[in-house]
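> What follows is final_28.txt, compact mmCIF, N, CA, C and O atoms.
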```
# COMPACT_ATOMS: atom_id res chain seq x y z
N MET A 16 137.06 71.63 -117.02
CA MET A 16 137.10 72.74 -116.10
C MET A 16 138.35 72.62 -115.25
O MET A 16 138.70 71.55 -114.79
N GLU A 17 138.99 73.74 -115.02
CA GLU A 17 140.20 73.76 -114.22
C GLU A 17 140.02 74.74 -113.06
O GLU A 17 139.47 75.82 -113.23
N VAL A 18 140.45 74.32 -111.89
CA VAL A 18 140.36 75.17 -110.71
C VAL A 18 141.77 75.57 -110.31
O VAL A 18 142.64 74.73 -110.14
N LYS A 19 141.99 76.87 -110.18
CA LYS A 19 143.30 77.37 -109.75
C LYS A 19 143.16 77.96 -108.37
O LYS A 19 142.28 78.79 -108.12
N MET A 20 144.01 77.52 -107.46
CA MET A 20 144.00 78.03 -106.09
C MET A 20 144.82 79.30 -106.03
O MET A 20 145.90 79.38 -106.61
N LYS A 21 144.30 80.29 -105.36
CA LYS A 21 145.05 81.52 -105.14
C LYS A 21 146.03 81.29 -104.01
O LYS A 21 145.95 80.30 -103.29
N GLY A 22 146.93 82.24 -103.81
CA GLY A 22 147.91 82.15 -102.74
C GLY A 22 147.24 82.22 -101.37
O GLY A 22 146.04 82.07 -101.23
N ASP A 23 148.02 82.51 -100.40
CA ASP A 23 147.54 82.56 -99.02
C ASP A 23 146.70 83.82 -98.82
O ASP A 23 147.17 84.83 -98.33
N ILE A 24 145.42 83.77 -99.22
CA ILE A 24 144.57 84.96 -99.18
C ILE A 24 144.14 85.34 -97.78
O ILE A 24 143.75 86.47 -97.55
N LEU A 25 144.20 84.43 -96.84
CA LEU A 25 143.79 84.76 -95.47
C LEU A 25 144.75 85.75 -94.82
O LEU A 25 144.34 86.57 -94.02
N ARG A 26 146.01 85.70 -95.16
CA ARG A 26 146.99 86.61 -94.58
C ARG A 26 146.79 88.04 -95.10
O ARG A 26 147.23 88.99 -94.48
N ASN A 27 146.18 88.19 -96.26
CA ASN A 27 146.04 89.49 -96.88
C ASN A 27 144.72 90.17 -96.55
O ASN A 27 144.39 91.18 -97.16
N ILE A 28 143.96 89.64 -95.65
CA ILE A 28 142.66 90.23 -95.31
C ILE A 28 142.74 90.83 -93.91
O ILE A 28 142.62 90.12 -92.91
N PRO A 29 142.93 92.15 -93.82
CA PRO A 29 142.99 92.77 -92.49
C PRO A 29 141.63 92.79 -91.80
O PRO A 29 141.55 93.02 -90.60
N LYS A 30 140.57 92.53 -92.54
CA LYS A 30 139.23 92.55 -91.95
C LYS A 30 139.08 91.48 -90.87
O LYS A 30 138.32 91.67 -89.93
N LEU A 31 139.77 90.37 -91.01
CA LEU A 31 139.64 89.30 -90.01
C LEU A 31 140.13 89.77 -88.65
O LEU A 31 139.50 89.48 -87.63
N GLY A 32 141.22 90.50 -88.61
CA GLY A 32 141.70 91.05 -87.35
C GLY A 32 140.72 92.05 -86.76
O GLY A 32 140.46 92.07 -85.57
N ALA A 33 140.14 92.87 -87.63
CA ALA A 33 139.15 93.85 -87.17
C ALA A 33 137.91 93.16 -86.63
O ALA A 33 137.35 93.57 -85.60
N VAL A 34 137.48 92.11 -87.30
CA VAL A 34 136.31 91.35 -86.83
C VAL A 34 136.60 90.72 -85.47
O VAL A 34 135.76 90.75 -84.57
N ALA A 35 137.78 90.16 -85.29
CA ALA A 35 138.15 89.54 -84.02
C ALA A 35 138.13 90.57 -82.88
O ALA A 35 137.62 90.29 -81.79
N ILE A 36 138.64 91.75 -83.15
CA ILE A 36 138.68 92.80 -82.12
C ILE A 36 137.28 93.28 -81.77
O ILE A 36 136.91 93.36 -80.60
N VAL A 37 136.48 93.59 -82.78
CA VAL A 37 135.12 94.08 -82.53
C VAL A 37 134.27 93.02 -81.84
O VAL A 37 133.52 93.32 -80.91
N PHE A 38 134.40 91.77 -82.26
CA PHE A 38 133.62 90.69 -81.66
C PHE A 38 133.98 90.50 -80.19
O PHE A 38 133.11 90.24 -79.36
N SER A 39 135.26 90.66 -79.85
CA SER A 39 135.66 90.52 -78.45
C SER A 39 135.06 91.63 -77.59
O SER A 39 134.58 91.38 -76.49
N PHE A 40 135.07 92.87 -78.10
CA PHE A 40 134.45 93.97 -77.36
C PHE A 40 132.94 93.76 -77.21
O PHE A 40 132.35 94.05 -76.17
N LEU A 41 132.31 93.24 -78.26
CA LEU A 41 130.87 92.97 -78.21
C LEU A 41 130.55 91.89 -77.18
O LEU A 41 129.61 92.04 -76.38
N GLN A 42 131.34 90.84 -77.14
CA GLN A 42 131.12 89.77 -76.16
C GLN A 42 131.33 90.28 -74.74
O GLN A 42 130.62 89.88 -73.82
N LYS A 43 132.31 91.16 -74.55
CA LYS A 43 132.56 91.74 -73.23
C LYS A 43 131.36 92.57 -72.77
O LYS A 43 130.96 92.52 -71.62
N LYS A 44 130.76 93.32 -73.72
CA LYS A 44 129.60 94.14 -73.38
C LYS A 44 128.36 93.29 -73.12
O LYS A 44 127.59 93.56 -72.19
N ARG A 45 128.16 92.26 -73.93
CA ARG A 45 126.97 91.40 -73.78
C ARG A 45 127.06 90.48 -72.57
O ARG A 45 126.05 90.13 -71.98
N HIS A 46 128.26 90.03 -72.25
CA HIS A 46 128.45 89.06 -71.16
C HIS A 46 129.51 89.58 -70.19
O HIS A 46 130.63 89.06 -70.16
N PRO A 47 129.19 90.57 -69.38
CA PRO A 47 130.19 91.13 -68.47
C PRO A 47 130.66 90.16 -67.39
O PRO A 47 131.71 90.37 -66.78
N HIS A 48 129.92 89.08 -67.19
CA HIS A 48 130.30 88.10 -66.18
C HIS A 48 131.40 87.15 -66.64
O HIS A 48 131.94 86.40 -65.84
N LEU A 49 131.75 87.15 -67.93
CA LEU A 49 132.78 86.25 -68.44
C LEU A 49 134.13 86.57 -67.81
O LEU A 49 134.56 87.71 -67.79
N SER A 50 134.79 85.55 -67.29
CA SER A 50 136.11 85.75 -66.71
C SER A 50 137.20 85.64 -67.77
O SER A 50 138.28 86.20 -67.63
N ASN A 51 136.93 84.92 -68.85
CA ASN A 51 137.88 84.73 -69.93
C ASN A 51 137.37 85.48 -71.15
O ASN A 51 136.34 85.14 -71.71
N LEU A 52 138.09 86.50 -71.58
CA LEU A 52 137.66 87.29 -72.73
C LEU A 52 138.52 87.04 -73.96
O LEU A 52 138.58 87.87 -74.85
N LEU A 53 139.22 85.93 -74.01
CA LEU A 53 139.99 85.55 -75.19
C LEU A 53 139.00 84.92 -76.18
O LEU A 53 138.72 83.74 -76.14
N ILE A 54 138.46 85.77 -77.06
CA ILE A 54 137.35 85.38 -77.93
C ILE A 54 137.88 85.00 -79.31
O ILE A 54 138.61 85.77 -79.94
N PRO A 55 137.52 83.81 -79.82
CA PRO A 55 138.02 83.37 -81.13
C PRO A 55 137.17 83.88 -82.29
O PRO A 55 135.97 84.11 -82.16
N SER A 56 137.83 84.05 -83.43
CA SER A 56 137.18 84.33 -84.71
C SER A 56 137.84 83.44 -85.74
O SER A 56 139.06 83.26 -85.73
N ILE A 57 137.04 82.88 -86.64
CA ILE A 57 137.55 81.94 -87.64
C ILE A 57 137.39 82.54 -89.03
O ILE A 57 136.31 83.01 -89.38
N GLY A 58 138.46 82.52 -89.81
CA GLY A 58 138.42 82.93 -91.20
C GLY A 58 138.64 81.71 -92.07
O GLY A 58 139.56 80.92 -91.82
N ILE A 59 137.81 81.54 -93.10
CA ILE A 59 137.92 80.37 -93.97
C ILE A 59 138.01 80.83 -95.41
O ILE A 59 137.22 81.65 -95.87
N ALA A 60 138.99 80.30 -96.12
CA ALA A 60 139.17 80.56 -97.55
C ALA A 60 138.93 79.26 -98.31
O ALA A 60 138.43 78.29 -97.74
N ASP A 61 139.31 79.23 -99.56
CA ASP A 61 139.07 78.05 -100.40
C ASP A 61 139.70 76.78 -99.84
O ASP A 61 139.11 75.72 -99.89
N ASN A 62 140.91 76.90 -99.31
CA ASN A 62 141.63 75.70 -98.90
C ASN A 62 142.29 75.81 -97.53
O ASN A 62 143.07 74.96 -97.15
N ALA A 63 141.99 76.88 -96.80
CA ALA A 63 142.65 77.06 -95.50
C ALA A 63 141.73 77.77 -94.52
O ALA A 63 140.76 78.41 -94.91
N MET A 64 142.09 77.64 -93.25
CA MET A 64 141.35 78.28 -92.16
C MET A 64 142.37 79.00 -91.29
O MET A 64 143.51 78.55 -91.15
N LEU A 65 141.97 80.14 -90.73
CA LEU A 65 142.83 80.91 -89.86
C LEU A 65 142.04 81.24 -88.60
O LEU A 65 140.88 81.61 -88.68
N LEU A 66 142.66 81.09 -87.45
CA LEU A 66 142.01 81.36 -86.18
C LEU A 66 142.68 82.56 -85.52
O LEU A 66 143.91 82.61 -85.42
N MET A 67 141.87 83.54 -85.13
CA MET A 67 142.37 84.71 -84.40
C MET A 67 141.64 84.79 -83.09
O MET A 67 140.43 84.57 -83.02
N LEU A 68 142.37 85.09 -82.02
CA LEU A 68 141.79 85.24 -80.70
C LEU A 68 142.20 86.61 -80.16
O LEU A 68 143.38 86.97 -80.24
N TYR A 69 141.24 87.34 -79.62
CA TYR A 69 141.54 88.66 -79.08
C TYR A 69 140.93 88.80 -77.70
O TYR A 69 139.79 88.42 -77.46
N ASP A 70 141.72 89.36 -76.79
CA ASP A 70 141.26 89.65 -75.44
C ASP A 70 141.17 91.17 -75.32
O ASP A 70 142.19 91.86 -75.27
N SER A 71 139.94 91.69 -75.29
CA SER A 71 139.74 93.15 -75.28
C SER A 71 140.12 93.76 -73.94
O SER A 71 140.41 94.96 -73.87
N GLU A 72 140.12 92.98 -72.90
CA GLU A 72 140.47 93.51 -71.58
C GLU A 72 141.98 93.78 -71.46
O GLU A 72 142.40 94.76 -70.87
N HIS A 73 142.79 92.89 -72.02
CA HIS A 73 144.24 93.00 -71.91
C HIS A 73 144.91 93.41 -73.22
O HIS A 73 146.14 93.52 -73.27
N ASP A 74 144.13 93.62 -74.29
CA ASP A 74 144.63 94.03 -75.60
C ASP A 74 145.69 93.07 -76.15
O ASP A 74 146.79 93.45 -76.52
N VAL A 75 145.35 91.78 -76.18
CA VAL A 75 146.24 90.76 -76.71
C VAL A 75 145.55 90.08 -77.89
O VAL A 75 144.41 89.63 -77.79
N LEU A 76 146.25 90.05 -79.04
CA LEU A 76 145.74 89.43 -80.27
C LEU A 76 146.63 88.25 -80.63
O LEU A 76 147.84 88.41 -80.79
N LEU A 77 146.03 87.07 -80.75
CA LEU A 77 146.76 85.86 -81.14
C LEU A 77 146.26 85.39 -82.49
O LEU A 77 145.06 85.46 -82.77
N GLU A 78 147.17 84.91 -83.33
CA GLU A 78 146.81 84.45 -84.67
C GLU A 78 147.47 83.10 -84.93
O GLU A 78 148.66 82.92 -84.67
N SER A 79 146.70 82.17 -85.46
CA SER A 79 147.27 80.86 -85.80
C SER A 79 147.96 80.94 -87.16
O SER A 79 147.79 81.90 -87.90
N SER A 80 148.72 79.93 -87.46
CA SER A 80 149.22 79.79 -88.82
C SER A 80 148.07 79.21 -89.65
O SER A 80 147.12 78.66 -89.10
N PRO A 81 148.11 79.34 -90.98
CA PRO A 81 147.03 78.79 -91.80
C PRO A 81 146.89 77.28 -91.59
O PRO A 81 147.88 76.55 -91.54
N ILE A 82 145.66 76.83 -91.45
CA ILE A 82 145.36 75.42 -91.22
C ILE A 82 144.70 74.87 -92.48
O ILE A 82 143.65 75.37 -92.89
N PRO A 83 145.30 73.87 -93.12
CA PRO A 83 144.69 73.31 -94.34
C PRO A 83 143.32 72.71 -94.04
O PRO A 83 143.13 72.01 -93.05
N LEU A 84 142.34 73.02 -94.89
CA LEU A 84 141.00 72.50 -94.69
C LEU A 84 140.85 71.04 -95.11
O LEU A 84 140.05 70.31 -94.57
N TYR A 85 141.64 70.65 -96.10
CA TYR A 85 141.48 69.31 -96.66
C TYR A 85 142.64 68.40 -96.28
O TYR A 85 143.76 68.86 -96.07
N SER A 86 142.35 67.13 -96.20
CA SER A 86 143.34 66.12 -95.87
C SER A 86 144.43 66.09 -96.94
O SER A 86 144.15 66.25 -98.13
N ALA A 87 145.67 65.88 -96.52
CA ALA A 87 146.78 65.80 -97.47
C ALA A 87 146.71 64.53 -98.30
O ALA A 87 147.19 64.49 -99.42
N THR A 88 146.10 63.48 -97.76
CA THR A 88 146.04 62.21 -98.48
C THR A 88 144.82 62.08 -99.38
O THR A 88 144.88 61.42 -100.39
N CYS A 89 143.72 62.72 -99.01
CA CYS A 89 142.50 62.62 -99.81
C CYS A 89 141.88 64.00 -99.96
O CYS A 89 141.44 64.59 -99.00
N ARG A 90 141.84 64.50 -101.15
CA ARG A 90 141.39 65.87 -101.43
C ARG A 90 139.91 66.09 -101.11
O ARG A 90 139.48 67.21 -100.88
N ASN A 91 139.11 65.05 -101.06
CA ASN A 91 137.67 65.18 -100.83
C ASN A 91 137.27 65.08 -99.37
O ASN A 91 136.08 65.05 -99.07
N LYS A 92 138.23 65.02 -98.47
CA LYS A 92 137.92 64.90 -97.04
C LYS A 92 138.53 66.06 -96.27
O LYS A 92 139.63 66.51 -96.57
N PHE A 93 137.79 66.54 -95.26
CA PHE A 93 138.32 67.58 -94.39
C PHE A 93 139.44 66.99 -93.55
O PHE A 93 139.42 65.83 -93.17
N SER A 94 140.40 67.84 -93.20
CA SER A 94 141.49 67.37 -92.35
C SER A 94 140.98 67.28 -90.91
O SER A 94 140.15 68.08 -90.47
N VAL A 95 141.49 66.33 -90.20
CA VAL A 95 141.12 66.13 -88.80
C VAL A 95 141.52 67.35 -87.98
O VAL A 95 140.79 67.78 -87.09
N GLU A 96 142.67 67.93 -88.28
CA GLU A 96 143.15 69.10 -87.55
C GLU A 96 142.19 70.27 -87.69
O GLU A 96 141.88 70.96 -86.71
N ALA A 97 141.70 70.53 -88.91
CA ALA A 97 140.78 71.66 -89.13
C ALA A 97 139.47 71.45 -88.37
O ALA A 97 138.95 72.39 -87.76
N VAL A 98 138.96 70.24 -88.39
CA VAL A 98 137.70 69.96 -87.69
C VAL A 98 137.90 70.11 -86.18
O VAL A 98 137.08 70.72 -85.49
N LEU A 99 139.00 69.59 -85.66
CA LEU A 99 139.28 69.68 -84.22
C LEU A 99 139.48 71.13 -83.77
O LEU A 99 138.92 71.55 -82.76
N ILE A 100 140.22 71.91 -84.53
CA ILE A 100 140.46 73.30 -84.16
C ILE A 100 139.18 74.11 -84.23
O ILE A 100 138.91 74.94 -83.36
N ALA A 101 138.36 73.87 -85.23
CA ALA A 101 137.07 74.57 -85.33
C ALA A 101 136.18 74.20 -84.14
O ALA A 101 135.51 75.07 -83.56
N TRP A 102 136.17 72.93 -83.76
CA TRP A 102 135.37 72.49 -82.61
C TRP A 102 135.86 73.14 -81.32
O TRP A 102 135.06 73.58 -80.50
N LEU A 103 137.18 73.21 -81.14
CA LEU A 103 137.73 73.86 -79.96
C LEU A 103 137.37 75.35 -79.91
O LEU A 103 137.06 75.89 -78.86
N ALA A 104 137.41 76.00 -81.07
CA ALA A 104 137.08 77.43 -81.12
C ALA A 104 135.60 77.66 -80.81
O ALA A 104 135.25 78.60 -80.09
N VAL A 105 134.73 76.82 -81.33
CA VAL A 105 133.29 76.98 -81.07
C VAL A 105 132.97 76.76 -79.59
O VAL A 105 132.10 77.42 -79.03
N ASN A 106 133.69 75.88 -78.95
CA ASN A 106 133.45 75.56 -77.54
C ASN A 106 134.44 76.26 -76.61
O ASN A 106 134.76 75.74 -75.53
N TYR A 107 134.91 77.45 -76.98
CA TYR A 107 135.92 78.15 -76.21
C TYR A 107 135.46 78.47 -74.79
O TYR A 107 136.26 78.52 -73.87
N ARG A 108 134.18 78.72 -74.60
CA ARG A 108 133.70 79.07 -73.26
C ARG A 108 133.94 77.97 -72.24
O ARG A 108 134.12 78.23 -71.06
N PHE A 109 133.93 76.74 -72.71
CA PHE A 109 134.10 75.60 -71.81
C PHE A 109 135.54 75.12 -71.74
O PHE A 109 135.93 74.48 -70.76
N LEU A 110 136.34 75.41 -72.77
CA LEU A 110 137.66 74.81 -72.87
C LEU A 110 138.82 75.79 -72.71
O LEU A 110 139.93 75.38 -72.37
N CYS A 111 138.61 77.06 -72.95
CA CYS A 111 139.69 78.04 -72.91
C CYS A 111 139.84 78.62 -71.50
O CYS A 111 138.85 79.04 -70.90
N THR A 112 141.04 78.65 -71.01
CA THR A 112 141.28 79.18 -69.66
C THR A 112 141.75 80.62 -69.69
O THR A 112 141.97 81.20 -68.64
N GLY A 113 141.94 81.18 -70.86
CA GLY A 113 142.36 82.57 -70.97
C GLY A 113 143.85 82.71 -71.17
O GLY A 113 144.54 81.75 -71.50
N LEU A 114 144.33 83.92 -70.97
CA LEU A 114 145.74 84.23 -71.19
C LEU A 114 146.60 83.74 -70.03
O LEU A 114 146.17 83.76 -68.88
N THR A 115 147.80 83.32 -70.35
CA THR A 115 148.76 82.96 -69.30
C THR A 115 149.49 84.23 -68.86
O THR A 115 149.44 85.27 -69.53
N ASP A 116 150.19 84.17 -67.76
CA ASP A 116 150.94 85.32 -67.26
C ASP A 116 152.03 85.75 -68.24
O ASP A 116 152.38 86.93 -68.31
N ASP A 117 152.57 84.81 -69.01
CA ASP A 117 153.61 85.12 -70.00
C ASP A 117 153.06 85.94 -71.16
O ASP A 117 153.80 86.68 -71.81
N MET A 118 151.78 85.81 -71.46
CA MET A 118 151.17 86.51 -72.60
C MET A 118 150.75 87.94 -72.26
O MET A 118 150.63 88.77 -73.16
N LEU A 119 150.50 88.23 -71.01
CA LEU A 119 149.96 89.52 -70.61
C LEU A 119 150.83 90.73 -70.98
O LEU A 119 150.27 91.77 -71.36
N PRO A 120 152.15 90.68 -70.90
CA PRO A 120 152.94 91.87 -71.26
C PRO A 120 152.91 92.23 -72.73
O PRO A 120 153.23 93.35 -73.11
N HIS A 121 152.52 91.30 -73.60
CA HIS A 121 152.53 91.54 -75.05
C HIS A 121 151.21 92.14 -75.49
O HIS A 121 150.20 91.46 -75.56
N LYS A 122 151.21 93.42 -75.81
CA LYS A 122 149.99 94.14 -76.18
C LYS A 122 149.90 94.25 -77.69
O LYS A 122 150.90 94.35 -78.40
N ALA A 123 148.67 94.27 -78.22
CA ALA A 123 148.45 94.39 -79.65
C ALA A 123 148.64 95.83 -80.12
O ALA A 123 149.03 96.06 -81.25
N GLY A 124 148.36 96.79 -79.27
CA GLY A 124 148.53 98.19 -79.64
C GLY A 124 147.44 98.62 -80.58
O GLY A 124 147.57 99.42 -81.43
```
Could you spell out this file's structure in structure tokens?

Amino acid sequence: MEVKMKGDILRNIPKLGAVAIVFSFLQKKRHPHLSNLLIPSIGIADNAMLLMLYDSEHDVLLESSPIPLYSATCRNKFSVEAVLIAWLAVNYRFLCTGLTDDMLPHKAG
């Protein structure tokens, strides 16, 4: 059996950006007391992960570069970076301080 990896399929899925935007608006409606509305969404493909963060209040969309899921040295182990980034995204309410003043002028449109 042979497994062939496709190219960078996460970049070609516009649905991830739409999910990030809708999820941020939903979180704003469900939790109006949140001071930080930079809400993360995670996209995972066969061999990579992509993180998108959207702030519905200020219309700012941030996107990470693709993060390899597997270790470069051992194909059967998750990369430490992917696990750490996923953990940070899941715990964004406690760890994320929101947008900086430098980010506010850049709107997603």
> What does the distance between atom CA of A:Thr88 and atom CA of A:Ala104 come to in Å, to one decimal place?
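Between atom CA of A:Thr88 and atom CA of A:Ala104 the gap works out to 24.8 Å.
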> Quote the spacing between atom CA of A:Pro120 and atom CA of A:Ile54 in Å to one decimal place.
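Atom CA of A:Ile54 lies at a distance of 18.2 Å from atom CA of A:Pro120.
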> Env of A:His121: 4.5 Å cut, atoms = all atoms listed in the file, seq-sep filter 3 positions within chain, self excluded. Answer as a list of chain:residue names.
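The residues satisfying every condition are A:Asp74, A:Val75, A:Met118.
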> Tell me which of A:Ile82, A:Leu52, A:Cys89, A:Leu68 sits closest to A:Thr112, counting all atoms listed in the file.
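Nearest candidate to A:Thr112 out of A:Ile82, A:Leu52, A:Cys89, A:Leu68: A:Leu52.
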> So the first atom is atom CA of A:Leu31 and the second is atom CA of A:Asn62; what is the distance between them in Å, to one decimal place?
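Between atom CA of A:Leu31 and atom CA of A:Asn62 the gap is 16.4 Å.
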> Write out as a PyMOL selection string each polymer residue whose atoms come within 8 Å of A:Gly32, counting all atoms listed in the file; drop sequence neighbours fewer than 3 positions from it.
chain A and resi 25+28-29+35-39+67-69+76-77
> Apply DSSP to the structure's backbone, then extract all residues of chain A labelled helix (DSSP H, G or I) and return them as a ChimeraX atom specification.
/A:30-45,95-105,107-110
> At the level of N, CA and C atoms, write stretch 50-80 of chain A to a file as a short mmCIF file (atom, residue, chain, number, x, y, z; two decimals), in the first residue's frame, please.

```cif
data_model
loop_
_atom_site.label_atom_id
_atom_site.label_comp_id
_atom_site.auth_asym_id
_atom_site.auth_seq_id
_atom_site.Cartn_x
_atom_site.Cartn_y
_atom_site.Cartn_z
N SER A 50 -14.03 40.32 27.00
CA SER A 50 -13.31 41.52 26.62
C SER A 50 -12.41 41.26 25.41
N ASN A 51 -12.01 40.01 25.22
CA ASN A 51 -11.15 39.63 24.11
C ASN A 51 -11.96 38.78 23.14
N LEU A 52 -12.18 39.28 21.94
CA LEU A 52 -12.97 38.54 20.96
C LEU A 52 -12.12 37.98 19.83
N LEU A 53 -10.83 37.83 20.05
CA LEU A 53 -9.95 37.20 19.07
C LEU A 53 -10.11 35.68 19.24
N ILE A 54 -11.04 35.11 18.47
CA ILE A 54 -11.47 33.72 18.66
C ILE A 54 -10.73 32.81 17.67
N PRO A 55 -10.09 31.74 18.15
CA PRO A 55 -9.34 30.85 17.26
C PRO A 55 -10.22 29.76 16.63
N SER A 56 -9.82 29.34 15.44
CA SER A 56 -10.38 28.18 14.76
C SER A 56 -9.21 27.38 14.21
N ILE A 57 -9.30 26.06 14.32
CA ILE A 57 -8.21 25.19 13.90
C ILE A 57 -8.66 24.33 12.73
N GLY A 58 -7.85 24.31 11.67
CA GLY A 58 -8.09 23.43 10.53
C GLY A 58 -6.99 22.39 10.50
N ILE A 59 -7.39 21.12 10.32
CA ILE A 59 -6.41 20.04 10.31
C ILE A 59 -6.58 19.21 9.05
N ALA A 60 -5.47 18.97 8.36
CA ALA A 60 -5.45 18.12 7.17
C ALA A 60 -4.62 16.88 7.49
N ASP A 61 -4.26 16.15 6.47
CA ASP A 61 -3.51 14.90 6.67
C ASP A 61 -2.20 15.09 7.40
N ASN A 62 -1.49 16.17 7.08
CA ASN A 62 -0.16 16.33 7.64
C ASN A 62 0.13 17.74 8.17
N ALA A 63 -0.90 18.58 8.23
CA ALA A 63 -0.66 19.95 8.67
C ALA A 63 -1.87 20.50 9.41
N MET A 64 -1.61 21.57 10.15
CA MET A 64 -2.64 22.26 10.91
C MET A 64 -2.52 23.75 10.59
N LEU A 65 -3.66 24.44 10.55
CA LEU A 65 -3.69 25.86 10.29
C LEU A 65 -4.55 26.52 11.36
N LEU A 66 -4.09 27.63 11.89
CA LEU A 66 -4.82 28.34 12.93
C LEU A 66 -5.27 29.69 12.38
N MET A 67 -6.56 29.98 12.52
CA MET A 67 -7.11 31.28 12.13
C MET A 67 -7.76 31.90 13.34
N LEU A 68 -7.54 33.19 13.52
CA LEU A 68 -8.14 33.94 14.62
C LEU A 68 -8.88 35.13 14.04
N TYR A 69 -10.11 35.34 14.49
CA TYR A 69 -10.89 36.46 13.99
C TYR A 69 -11.50 37.23 15.15
N ASP A 70 -11.42 38.54 15.06
CA ASP A 70 -12.04 39.43 16.04
C ASP A 70 -13.21 40.12 15.34
N SER A 71 -14.43 39.72 15.70
CA SER A 71 -15.62 40.25 15.03
C SER A 71 -15.90 41.70 15.40
N GLU A 72 -15.40 42.13 16.52
CA GLU A 72 -15.63 43.52 16.94
C GLU A 72 -14.79 44.50 16.12
N HIS A 73 -13.56 44.13 15.81
CA HIS A 73 -12.65 45.02 15.09
C HIS A 73 -12.41 44.58 13.64
N ASP A 74 -13.02 43.47 13.21
CA ASP A 74 -12.89 42.94 11.85
C ASP A 74 -11.43 42.68 11.47
N VAL A 75 -10.73 41.92 12.31
CA VAL A 75 -9.34 41.56 12.06
C VAL A 75 -9.25 40.04 11.98
N LEU A 76 -8.67 39.54 10.87
CA LEU A 76 -8.49 38.10 10.65
C LEU A 76 -7.01 37.79 10.58
N LEU A 77 -6.55 36.89 11.44
CA LEU A 77 -5.15 36.47 11.47
C LEU A 77 -5.07 35.00 11.07
N GLU A 78 -4.04 34.66 10.30
CA GLU A 78 -3.87 33.28 9.84
C GLU A 78 -2.42 32.85 10.05
N SER A 79 -2.23 31.67 10.59
CA SER A 79 -0.88 31.15 10.78
C SER A 79 -0.37 30.55 9.48
N SER A 80 0.90 30.28 9.44
CA SER A 80 1.43 29.48 8.35
C SER A 80 1.12 28.02 8.68
#
```
